[in-house]
Amino acid sequence: MSEPIIEMHDLTRRFGSACAVDAITMSIQPGEVFALLGRNGAGKTTVIKMLATLIEPSSGQAKVGGFDVVGQAAMVRRIIGYVPQALSADGDLTGYENLNVFAKLYDIPRAEREARIHDALAFMNLSEVSRHLVKTYSGGMIRRLEIAQSTLHRPRVLFLDEPTVGLDPVARISVWEQLEKLQAQFGSAILLTTHYLEEAERLCDRVAIMNRGKITAIGTPVQLSAAVGPGASFEEAFEHYTQDETGTRGAYDETSQTRDVIHRLG
Ligand SMILES: Nc1ncnc2c1ncn2[C@@H]1O[C@H](COP(=O)(O)OP(=O)(O)OP(=O)(O)O)[C@@H](O)[C@H]1O
Ligand SMILES: [Mg+2]
């Protein structure tokens with residue numbers, strides 16, 4: 001196996017007395033598409049923000065592309081792209097102008113800027129609306145624009161925090177297709193978060209399920225389902241690995257009981 005592109009070792013982040021991310025150790029390979037899954041507040045965004053050098057760990061270490069996220073943050077920033085959870089493109093600029101801001105930010109040489117921006121717009125199916133103000137775009141178009149701007153510099157690692165939140169099913173599939181194309185063309189590693197389990201199943205090589213700041217399962221969606229029980233769906237695996245340790249009965253147990261009943265009746 002090659003050197004991991006992302007490594008976390010006992011990575012921890014506290015906010016006051018609360019531990020948002022609790023001693024996570026795992027690694028992601030170059031070119032891998034990887035999802036962090038978990039309920040609201042599980043710690044997914046906090047992991048991504050630490051890896052993207054936006055907040056510092058309370059303890060533990062993380063490296064991206066071999067660079068330490070604290071000691072070598074500037075080097076990390078050079079090789080990553082980041083799309084935050086909330087929509088971030090500027091509505092009062094056109095699509096083209098938004099991309100131009102990022103082309104300058106990423107130091108793309110002036111002579112190459114225009115061609116690179118046009119390529120990115122075409123790649124994300126936005127050429128026709130490139131001169132329109134972003135405030136006239138749909139949510140799906142804005143998300144595709146943000147992915148375009150975060151990948152203008154061809155990052156080796158792309159962080160996407162809920163890339164398809166709030167999108168209708170058609171727009172969501174269009175974002176998936178662009179991400180698949182992007183990954184095939186540039187081979188970037190992609191670390192994303194999502195609440196759509198079918199998105200993780202379709203796009204990702206591996207997933208990690210987080211619960212209260214800890215990783216409770218890691219592997220391919222098929223492996224996680226199989227580990228929970230014969231014939232378990234990925235939804236059932238998710239329920240299982242996000243249950244409270246206090247023993248509240250998860251939906252998986254109920255579903256499997258229902259299945260037993262159906263089985264007996266059938
Ligand atoms: N800046 C902050 N100050 C205080 N607490 C914070 C801060 N950021 C996050 N938290 C807390 O840390 C925990 C993890 O939050 P985080 O945003 O990482 O969760 P998440 O898994 O991304 O959730 P969601 O699915 O809702 O986006 C939560 O309890 C949250 O309230
Ligand atoms: Mg989040």
# chains A, B, ... in the order shown; residues from 1 in each chain; ligands from 1
>>> residues_near_ligand(ligand="ligand 1", cutoff="10 Å", atoms="only C-alpha atoms and all ligand atoms", output="PDB file with C-alpha atoms, in the first residue's frame")
ATOM      1  CA  ARG A  13     -10.877  18.536  19.540  1.00  0.00           C
ATOM      2  CA  ARG A  14     -12.585  19.874  22.640  1.00  0.00           C
ATOM      3  CA  PHE A  15     -14.934  22.859  22.847  1.00  0.00           C
ATOM      4  CA  GLY A  16     -14.884  23.810  26.538  1.00  0.00           C
ATOM      5  CA  SER A  17     -15.573  20.597  28.414  1.00  0.00           C
ATOM      6  CA  ALA A  18     -17.262  18.909  25.428  1.00  0.00           C
ATOM      7  CA  CYS A  19     -15.198  16.559  23.281  1.00  0.00           C
ATOM      8  CA  ALA A  20     -16.372  17.015  19.659  1.00  0.00           C
ATOM      9  CA  VAL A  21     -13.718  14.687  18.222  1.00  0.00           C
ATOM     10  CA  LEU A  36     -17.598  10.417   7.236  1.00  0.00           C
ATOM     11  CA  LEU A  37     -21.108   9.478   8.338  1.00  0.00           C
ATOM     12  CA  GLY A  38     -22.926  10.108  11.600  1.00  0.00           C
ATOM     13  CA  ARG A  39     -25.860  11.847  13.192  1.00  0.00           C
ATOM     14  CA  ASN A  40     -26.004  15.627  13.727  1.00  0.00           C
ATOM     15  CA  GLY A  41     -23.273  16.705  16.112  1.00  0.00           C
ATOM     16  CA  ALA A  42     -21.215  13.513  15.701  1.00  0.00           C
ATOM     17  CA  GLY A  43     -18.066  15.558  14.931  1.00  0.00           C
ATOM     18  CA  LYS A  44     -17.791  15.225  11.135  1.00  0.00           C
ATOM     19  CA  THR A  45     -17.390  18.933  10.325  1.00  0.00           C
ATOM     20  CA  THR A  46     -14.907  19.353  13.172  1.00  0.00           C
ATOM     21  CA  VAL A  47     -12.691  16.595  11.682  1.00  0.00           C
ATOM     22  CA  ILE A  48     -12.791  18.235   8.249  1.00  0.00           C
ATOM     23  CA  LYS A  49     -12.050  21.698   9.663  1.00  0.00           C
ATOM     24  CA  MET A  50      -8.981  20.382  11.487  1.00  0.00           C
ATOM     25  CA  ILE A  55      -9.236  24.962  13.477  1.00  0.00           C
ATOM     26  CA  GLN A  85     -21.198  22.897   4.789  1.00  0.00           C
ATOM     27  CA  ALA A  86     -22.979  26.230   4.178  1.00  0.00           C
ATOM     28  CA  ASP A 161     -18.842  18.994   3.779  1.00  0.00           C
ATOM     29  CA  GLU A 162     -22.344  17.840   2.776  1.00  0.00           C
ATOM     30  CA  THR A 193     -19.619  14.072   4.761  1.00  0.00           C
ATOM     31  CA  THR A 194     -23.220  13.286   3.975  1.00  0.00           C
ATOM     32  CA  HIS A 195     -26.522  12.347   5.556  1.00  0.00           C
ATOM     33  CA  MET A 210     -18.849   8.511  13.799  1.00  0.00           C
ATOM     34  CA  ASN A 211     -20.843   8.590  17.005  1.00  0.00           C
ATOM     35  CA  ARG A 212     -20.227  11.227  19.688  1.00  0.00           C
ATOM     36  CA  GLY A 213     -16.756  12.064  18.399  1.00  0.00           C
TER      37      GLY A 213
END
>>> residues_around(residues="range 174-176 of chain A", least_positions_apart="2", cutoff="8 Å", atoms="only C-alpha atoms", output="PyMOL selection string")
chain A and resi 140+143-144+163-164+170-172+178-180+199+203
>>> residues_around(residues="Ser59 in chain A", least_positions_apart="5", cutoff="8 Å", atoms="only C-alpha atoms", output="JSON, numbers by chain")
{"A": [10, 11, 12, 13]}
>>> residues_around(residues="range 96-111 of chain A", least_positions_apart="5", cutoff="9 Å", atoms="only C-alpha atoms", output="PyMOL selection string")
chain A and resi 78+89-91+116-118+120-121+127+129-132+134+145-146+148-150+152-153
>>> write_last_selection(atoms="C-alpha atoms", output="PDB file, in the first residue's frame")
ATOM      1  CA  ARG A  78      -1.611  24.454  -1.088  1.00  0.00           C
ATOM      2  CA  ALA A  89     -20.207  31.420  -3.305  1.00  0.00           C
ATOM      3  CA  ASP A  90     -20.768  35.171  -3.636  1.00  0.00           C
ATOM      4  CA  GLY A  91     -24.285  35.821  -4.983  1.00  0.00           C
ATOM      5  CA  ARG A 116      -8.639  27.064 -16.627  1.00  0.00           C
ATOM      6  CA  ILE A 117     -11.842  28.862 -15.580  1.00  0.00           C
ATOM      7  CA  HIS A 118     -13.576  28.008 -18.857  1.00  0.00           C
ATOM      8  CA  ALA A 120     -13.861  24.250 -14.965  1.00  0.00           C
ATOM      9  CA  LEU A 121     -17.184  25.827 -15.992  1.00  0.00           C
ATOM     10  CA  SER A 127     -20.763  27.413 -19.256  1.00  0.00           C
ATOM     11  CA  VAL A 129     -24.741  30.580 -17.041  1.00  0.00           C
ATOM     12  CA  SER A 130     -21.165  31.729 -16.439  1.00  0.00           C
ATOM     13  CA  ARG A 131     -22.097  35.414 -16.983  1.00  0.00           C
ATOM     14  CA  HIS A 132     -25.194  35.284 -14.768  1.00  0.00           C
ATOM     15  CA  VAL A 134     -24.863  33.520  -8.759  1.00  0.00           C
ATOM     16  CA  LEU A 145     -19.753  26.150  -8.895  1.00  0.00           C
ATOM     17  CA  GLU A 146     -18.249  25.718  -5.417  1.00  0.00           C
ATOM     18  CA  ALA A 148     -15.348  24.032  -9.527  1.00  0.00           C
ATOM     19  CA  GLN A 149     -13.755  26.819  -7.484  1.00  0.00           C
ATOM     20  CA  SER A 150     -12.313  24.455  -4.894  1.00  0.00           C
ATOM     21  CA  LEU A 152      -9.266  25.026  -9.925  1.00  0.00           C
ATOM     22  CA  HIS A 153      -5.760  24.354  -8.609  1.00  0.00           C
TER      23      HIS A 153
END
>>> atom_distance(atom1="CA of Leu87 in chain A", atom2="CA of Val165 in chain A")
9.7 Å
